[in-house]
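Asks: Structure: query_33.cif, mmCIF, C-alpha atoms.
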data_target
#
loop_
_atom_site.label_atom_id
_atom_site.label_comp_id
_atom_site.auth_asym_id
_atom_site.auth_seq_id
_atom_site.Cartn_x
_atom_site.Cartn_y
_atom_site.Cartn_z
CA MET A 1 0.00 0.00 0.00
CA LYS A 2 1.27 3.51 -0.84
CA PRO A 3 2.21 5.64 2.16
CA LEU A 4 -0.53 8.07 3.15
CA SER A 5 2.08 10.77 3.68
CA SER A 6 2.76 10.94 -0.08
CA PHE A 7 -0.97 11.45 -0.71
CA LYS A 8 -1.24 14.19 1.91
CA ARG A 9 1.86 15.92 0.63
CA GLY A 10 0.60 15.72 -2.95
CA VAL A 11 -2.81 17.16 -2.04
CA ALA A 12 -1.14 19.96 -0.06
CA GLU A 13 0.96 20.84 -3.12
CA VAL A 14 -2.15 20.91 -5.28
CA ARG A 15 -3.91 23.19 -2.78
CA HIS A 16 -0.91 25.49 -2.74
CA ASP A 17 -1.04 25.74 -6.54
CA LEU A 18 -4.79 26.36 -6.39
CA GLU A 19 -4.41 29.15 -3.87
CA HIS A 20 -1.89 30.81 -6.19
CA GLY A 21 -3.96 30.38 -9.34
CA LYS A 22 -1.56 27.82 -10.87
CA TYR A 23 -4.35 25.72 -12.32
CA GLU A 24 -2.35 24.07 -15.09
CA ARG A 25 0.36 22.84 -12.74
CA ALA A 26 -2.28 21.75 -10.20
CA LEU A 27 -4.05 19.67 -12.85
CA ALA A 28 -0.79 17.93 -13.79
CA ARG A 29 -0.12 17.18 -10.12
CA VAL A 30 -3.60 15.71 -9.62
CA ALA A 31 -3.24 13.58 -12.77
CA LYS A 32 0.01 12.21 -11.35
CA LEU A 33 -1.58 11.53 -7.96
CA LEU A 34 -4.43 9.69 -9.68
CA GLN A 35 -1.89 7.28 -11.16
CA ASP A 36 -0.91 6.22 -7.63
CA TRP A 37 -4.39 6.60 -6.12
CA PRO A 38 -6.79 5.71 -8.95
CA ASP A 39 -10.48 6.22 -8.30
CA ASN A 40 -9.87 8.31 -5.21
CA PRO A 41 -13.07 10.44 -5.06
CA GLN A 42 -11.31 13.49 -3.58
CA LEU A 43 -8.76 13.45 -6.42
CA LEU A 44 -11.44 12.87 -9.04
CA VAL A 45 -13.36 15.93 -7.79
CA MET A 46 -10.17 18.03 -7.76
CA TRP A 47 -9.34 16.84 -11.29
CA ALA A 48 -12.84 17.74 -12.56
CA ASP A 49 -12.76 21.17 -10.87
CA LEU A 50 -9.35 21.90 -12.37
CA ILE A 51 -10.36 20.87 -15.88
CA GLN A 52 -13.05 23.56 -15.77
CA LEU A 53 -10.46 26.17 -14.75
CA GLN A 54 -8.01 25.44 -17.58
CA GLU A 55 -7.34 28.20 -20.12
CA SER A 56 -5.96 25.81 -22.73
CA ASP A 57 -8.14 23.81 -25.03
CA GLU A 58 -5.67 20.91 -24.81
CA GLY A 59 -5.93 18.03 -22.36
CA PRO A 60 -9.03 16.49 -20.78
CA SER A 61 -12.42 17.78 -21.91
CA LEU A 62 -15.51 19.01 -20.09
CA ASP A 63 -17.08 15.60 -20.80
CA ASP A 64 -14.13 14.05 -18.92
CA ALA A 65 -14.83 16.41 -16.02
CA ARG A 66 -18.51 15.40 -15.89
CA ALA A 67 -17.60 11.69 -16.09
CA ALA A 68 -15.08 12.08 -13.24
CA LEU A 69 -17.69 13.78 -11.03
CA GLN A 70 -20.24 11.07 -11.81
CA ARG A 71 -17.67 8.40 -10.96
CA ALA A 72 -16.60 10.16 -7.75
CA SER A 73 -20.21 10.48 -6.59
CA GLU A 74 -20.74 6.74 -7.18
CA LEU A 75 -17.53 5.83 -5.36
CA GLU A 76 -17.97 8.22 -2.49
CA GLY A 77 -20.84 6.33 -0.84
CA PRO A 78 -22.46 8.33 1.94
CA SER A 79 -20.29 11.43 1.52
CA PRO A 80 -21.98 14.31 -0.33
CA ALA A 81 -18.95 16.30 -1.57
CA ALA A 82 -18.80 14.84 -5.08
CA LEU A 83 -22.59 15.07 -5.45
CA ILE A 84 -22.50 18.79 -4.64
CA GLU A 85 -19.85 19.34 -7.32
CA LEU A 86 -21.79 17.22 -9.81
CA GLY A 87 -24.94 19.23 -9.07
CA ALA A 88 -23.04 22.47 -9.64
CA TYR A 89 -21.70 21.11 -12.93
CA TYR A 90 -25.17 20.09 -14.15
CA TYR A 91 -26.52 23.50 -13.14
CA ALA A 92 -23.81 25.77 -14.49
CA VAL A 93 -22.03 23.96 -17.30
CA ASP A 94 -24.76 21.69 -18.69
CA ASP A 95 -27.53 24.19 -17.85
CA ASP A 96 -29.62 21.20 -16.76
CA PRO A 97 -31.57 22.37 -13.69
CA ALA A 98 -33.63 19.15 -13.50
CA ALA A 99 -30.51 16.97 -13.16
CA ALA A 100 -29.00 19.54 -10.77
CA ASN A 101 -32.11 19.51 -8.57
CA LYS A 102 -32.12 15.72 -8.34
CA THR A 103 -28.41 15.62 -7.52
CA PHE A 104 -28.55 18.42 -4.92
CA ASP A 105 -31.58 16.76 -3.31
CA LYS A 106 -29.60 13.55 -2.87
CA ALA A 107 -26.66 15.55 -1.46
CA ILE A 108 -28.94 17.36 1.00
CA ARG A 109 -30.33 14.06 2.28
CA LEU A 110 -26.82 12.71 2.77
CA CYS A 111 -25.66 15.92 4.48
CA LYS A 112 -28.64 15.84 6.79
CA ARG A 113 -28.06 12.19 7.68
CA LEU A 114 -24.37 12.87 8.36
CA LEU A 115 -25.18 15.99 10.39
CA ILE A 116 -27.69 14.11 12.55
CA ASP A 117 -25.16 11.29 13.09
CA ALA A 118 -22.50 13.81 14.11
CA ILE A 119 -24.85 15.66 16.48
CA LEU A 120 -26.01 12.40 18.09
CA GLY A 121 -22.41 11.29 18.48
CA ARG A 122 -21.53 14.58 20.11
CA ALA A 123 -24.55 14.31 22.43
CA LYS A 124 -23.26 10.92 23.63
CA ALA A 125 -19.77 12.31 24.19
CA LEU A 126 -21.14 15.32 26.09
CA GLY A 127 -23.25 12.95 28.21
CA ASP A 128 -20.08 11.04 29.16
CA LEU A 129 -18.43 14.35 30.01
CA GLU A 130 -21.41 15.15 32.26
CA ARG A 131 -22.21 18.23 30.21
CA SER A 132 -25.90 17.39 30.23
CA GLN A 133 -27.28 20.74 29.15
CA GLU A 134 -25.17 20.76 26.00
CA ALA A 135 -26.07 17.12 25.36
CA PHE A 136 -29.78 17.96 25.63
CA ALA A 137 -29.28 20.87 23.26
CA CYS A 138 -27.64 18.54 20.75
CA LEU A 139 -30.50 16.06 21.00
CA ALA A 140 -33.04 18.84 20.54
CA GLN A 141 -31.12 20.01 17.47
CA ALA A 142 -31.01 16.46 16.06
CA TYR A 143 -34.72 16.01 16.72
CA ALA A 144 -35.58 19.28 15.00
CA LEU A 145 -33.42 18.36 11.99
CA GLN A 146 -34.92 14.90 11.84
CA ASN A 147 -38.44 16.24 11.74
CA GLN A 148 -37.77 19.14 9.41
CA ASN A 149 -39.11 18.77 5.87
CA GLY A 150 -40.29 15.21 6.34
CA HIS A 151 -38.53 11.99 7.13
CA VAL A 152 -34.92 11.28 6.31
CA PRO A 153 -34.48 7.65 5.28
CA GLY A 154 -32.34 5.79 7.78
CA ALA A 155 -32.53 8.45 10.45
CA ASP A 156 -34.69 7.21 13.26
CA THR A 157 -36.49 9.59 15.58
CA ALA A 158 -36.74 6.70 18.07
CA GLU A 159 -32.93 6.65 18.27
CA ILE A 160 -32.93 10.30 19.29
CA LEU A 161 -35.68 9.79 21.86
CA GLU A 162 -33.87 6.74 23.25
CA GLN A 163 -30.74 8.79 23.72
CA LEU A 164 -32.78 11.51 25.38
CA LYS A 165 -34.25 8.97 27.81
CA GLY A 166 -30.80 7.62 28.59
CA LEU A 167 -29.52 11.08 29.31
CA SER A 168 -32.52 11.87 31.53
CA ARG A 169 -31.96 8.65 33.48
CA ALA A 170 -28.32 9.57 33.99
CA GLN A 171 -29.37 12.91 35.47
CA MET B 1 -16.90 37.29 -6.75
CA PRO B 2 -16.41 39.07 -10.04
CA GLU B 3 -16.97 42.82 -10.33
CA ASP B 4 -19.80 44.22 -12.44
CA ASP B 5 -17.31 45.93 -14.78
CA ASP B 6 -15.44 42.70 -15.53
CA ILE B 7 -15.77 41.38 -19.07
CA ALA B 8 -17.25 37.88 -19.49
CA ASP B 9 -14.38 36.64 -21.68
CA ASP B 10 -11.92 37.53 -18.93
CA LEU B 11 -13.97 35.70 -16.31
CA ILE B 12 -14.65 32.41 -18.09
CA PRO B 13 -11.63 30.10 -18.54
CA GLY B 14 -10.84 28.74 -22.01
CA LYS B 15 -12.08 25.27 -21.19
CA LEU B 16 -15.50 26.47 -20.05
CA LYS B 17 -15.75 28.50 -23.24
CA ARG B 18 -16.13 25.09 -24.94
CA ALA B 19 -19.39 24.48 -23.04
CA LYS B 20 -22.57 24.57 -25.14
CA SER B 21 -23.92 27.17 -22.75
CA CYS B 22 -21.09 29.62 -23.46
CA HIS B 23 -21.93 32.21 -26.12
CA ALA B 24 -19.07 33.95 -27.89
CA ASP B 25 -21.35 36.83 -28.92
CA TYR B 26 -21.79 37.69 -25.21
CA GLY B 27 -18.09 37.43 -24.46
CA GLN B 28 -17.47 41.18 -24.58
CA LYS B 29 -20.40 42.06 -22.32
CA SER B 30 -19.70 43.01 -18.73
CA TYR B 31 -20.78 40.83 -15.83
CA GLY B 32 -23.12 43.63 -14.74
CA ASP B 33 -24.82 43.74 -18.16
CA ILE B 34 -25.12 39.97 -18.21
CA LYS B 35 -26.76 40.02 -14.76
CA ARG B 36 -29.22 42.69 -15.91
CA LEU B 37 -30.12 40.75 -19.07
CA ALA B 38 -30.47 37.51 -17.11
CA ALA B 39 -32.86 39.19 -14.67
CA LYS B 40 -35.11 40.56 -17.44
CA LYS B 41 -38.63 39.20 -17.82
CA PRO B 42 -38.61 37.04 -19.86
CA PRO B 43 -34.92 36.34 -19.13
CA ASP B 44 -32.33 36.43 -21.86
CA LYS B 45 -31.36 32.74 -22.06
CA LYS B 46 -27.82 33.35 -23.31
CA ALA B 47 -27.18 35.85 -20.51
CA ARG B 48 -28.57 33.46 -17.91
CA GLN B 49 -26.24 30.70 -19.15
CA MET B 50 -23.22 33.03 -19.25
CA LYS B 51 -23.98 34.19 -15.71
CA LYS B 52 -23.97 30.58 -14.51
CA LEU B 53 -20.57 29.95 -16.11
CA ILE B 54 -19.09 33.11 -14.59
CA GLU B 55 -20.39 32.20 -11.15
CA GLN B 56 -19.27 28.56 -11.47
CA THR B 57 -15.74 29.79 -12.24
CA ALA B 58 -15.78 32.13 -9.24
CA ARG B 59 -17.13 29.33 -7.04
CA LEU B 60 -14.40 26.89 -8.10
CA LYS B 61 -11.67 29.49 -7.58
CA GLY B 62 -13.18 30.43 -4.22
CA LYS B 63 -13.13 26.81 -3.06
CA ALA B 64 -9.35 26.87 -3.18
CA ARG B 65 -9.20 29.97 -0.98
CA ARG B 66 -11.75 28.77 1.56
CA PRO B 67 -10.13 28.11 4.94
CA ARG B 68 -9.92 24.45 5.87
CA SER B 69 -10.53 23.21 9.41
#
Go ahead and render the structure in this file as structure tokens.
Replies:
Amino acid sequence: MKPLSSFKRGVAEVRHDLEHGKYERALARVAKLLQDWPDNPQLLVMWADLIQLQESDEGPSLDDARAALQRASELEGPSPAALIELGAYYYAVDDDPAAANKTFDKAIRLCKRLLIDAILGRAKALGDLERSQEAFACLAQAYALQNQNGHVPGADTAEILEQLKGLSRAQ
Amino acid sequence: MPEDDDIADDLIPGKLKRAKSCHADYGQKSYGDIKRLAAKKPPDKKARQMKKLIEQTARLKGKARRPRS
């Protein structure tokens, strides 16, 4: 397995180039990283973003960028980052608001699920730290999110209420 | 974000100029003019598409400058 340090260093170099507007060099760096880390969703998103920022007509095309975003969103599983980029591409480059709406909707659901999971996790940790008021606040926030705009598949209100009961018992 | 005086051709990278939604005949218009045309009722479709490309470019460039936690 390749050392993670080489990946982190490579991504940091790409970010440095991005911050300084060196989009051509950044694209070349990402292409090289993808040889060592093929199908890495973070790199695929970076690659697609950078294609769109190229001044030259040479190299990978906009179709390649769209395909990379589609692939990243398939590979990324429950993480919404690639979906958000794909939605932005459909909206702005393809001028396809229907596809963008569908993609952003999926991303929102994933974000919401992840946010609820993070808040519930934090509530548990705060409970262990005996910071009950903050834990209750987290549970209230998770409950409100859960019940906002309908049901989120997979997110269970009962789980939140169970945690609330547990926290009350511990009081 | 781009300024209203900025010219579309200077704001859209070469690669995005290959997009079907990029219109060379609007390339010399300013971002401000494009926004005004896009907001018209009914909206000017070419201006609306150019506006999206300008804002997508700004968004992608802004992502790089966003602080990371």
Asks: Tell me, as a count of residues only, which residues lie within 10 Å of stretch 37-40 of chain B, counting only C-alpha atoms; anything in the same chain fewer than 5 positions away does not count.
Replies: 10
Asks: For chain A, list the residues within 9 Å of chain B, counting only C-alpha atoms, and write the list as a VMD selection string.
Replies: chain A and resid 15 to 16 18 to 21 49 to 58 61 to 62 88 to 89 91 to 95
Asks: What's around stretch 101-113 of chain A at 12 Å? Count all atoms listed in the file, leave out sequence neighbours fewer than 4 positions away in its own chain, and write the answer as a ChimeraX atom specification.
Replies: /A:69-70,73-74,76-92,95-97,117-120,141-157
Asks: Can I get the selection written as an mmCIF file, in the frame of the given file, with C-alpha atoms?
Replies:
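Heads up, here's the output in part.cif:
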data_model
loop_
_atom_site.group_PDB
_atom_site.id
_atom_site.type_symbol
_atom_site.label_atom_id
_atom_site.label_comp_id
_atom_site.auth_asym_id
_atom_site.auth_seq_id
_atom_site.Cartn_x
_atom_site.Cartn_y
_atom_site.Cartn_z
ATOM 1 C CA LEU A 69 -17.690 13.780 -11.030
ATOM 2 C CA GLN A 70 -20.240 11.070 -11.810
ATOM 3 C CA SER A 73 -20.210 10.480 -6.590
ATOM 4 C CA GLU A 74 -20.740 6.740 -7.180
ATOM 5 C CA GLU A 76 -17.970 8.220 -2.490
ATOM 6 C CA GLY A 77 -20.840 6.330 -0.840
ATOM 7 C CA PRO A 78 -22.460 8.330 1.940
ATOM 8 C CA SER A 79 -20.290 11.430 1.520
ATOM 9 C CA PRO A 80 -21.980 14.310 -0.330
ATOM 10 C CA ALA A 81 -18.950 16.300 -1.570
ATOM 11 C CA ALA A 82 -18.800 14.840 -5.080
ATOM 12 C CA LEU A 83 -22.590 15.070 -5.450
ATOM 13 C CA ILE A 84 -22.500 18.790 -4.640
ATOM 14 C CA GLU A 85 -19.850 19.340 -7.320
ATOM 15 C CA LEU A 86 -21.790 17.220 -9.810
ATOM 16 C CA GLY A 87 -24.940 19.230 -9.070
ATOM 17 C CA ALA A 88 -23.040 22.470 -9.640
ATOM 18 C CA TYR A 89 -21.700 21.110 -12.930
ATOM 19 C CA TYR A 90 -25.170 20.090 -14.150
ATOM 20 C CA TYR A 91 -26.520 23.500 -13.140
ATOM 21 C CA ALA A 92 -23.810 25.770 -14.490
ATOM 22 C CA ASP A 95 -27.530 24.190 -17.850
ATOM 23 C CA ASP A 96 -29.620 21.200 -16.760
ATOM 24 C CA PRO A 97 -31.570 22.370 -13.690
ATOM 25 C CA ASP A 117 -25.160 11.290 13.090
ATOM 26 C CA ALA A 118 -22.500 13.810 14.110
ATOM 27 C CA ILE A 119 -24.850 15.660 16.480
ATOM 28 C CA LEU A 120 -26.010 12.400 18.090
ATOM 29 C CA GLN A 141 -31.120 20.010 17.470
ATOM 30 C CA ALA A 142 -31.010 16.460 16.060
ATOM 31 C CA TYR A 143 -34.720 16.010 16.720
ATOM 32 C CA ALA A 144 -35.580 19.280 15.000
ATOM 33 C CA LEU A 145 -33.420 18.360 11.990
ATOM 34 C CA GLN A 146 -34.920 14.900 11.840
ATOM 35 C CA ASN A 147 -38.440 16.240 11.740
ATOM 36 C CA GLN A 148 -37.770 19.140 9.410
ATOM 37 C CA ASN A 149 -39.110 18.770 5.870
ATOM 38 C CA GLY A 150 -40.290 15.210 6.340
ATOM 39 C CA HIS A 151 -38.530 11.990 7.130
ATOM 40 C CA VAL A 152 -34.920 11.280 6.310
ATOM 41 C CA PRO A 153 -34.480 7.650 5.280
ATOM 42 C CA GLY A 154 -32.340 5.790 7.780
ATOM 43 C CA ALA A 155 -32.530 8.450 10.450
ATOM 44 C CA ASP A 156 -34.690 7.210 13.260
ATOM 45 C CA THR A 157 -36.490 9.590 15.580
#
Asks: Distance atom CA of A:Arg122-atom CA of A:Pro41, one decimal place?
Replies: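 Atom CA of A:Pro41 lies at a distance of 26.9 Å from atom CA of A:Arg122.
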Asks: If I take atom CA of A:Lys8 and atom CA of A:Gly121, how far is one from the other in Å, to one decimal?
Replies: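 Taking atom CA of A:Lys8 and atom CA of A:Gly121, their separation equals 27.0 Å.
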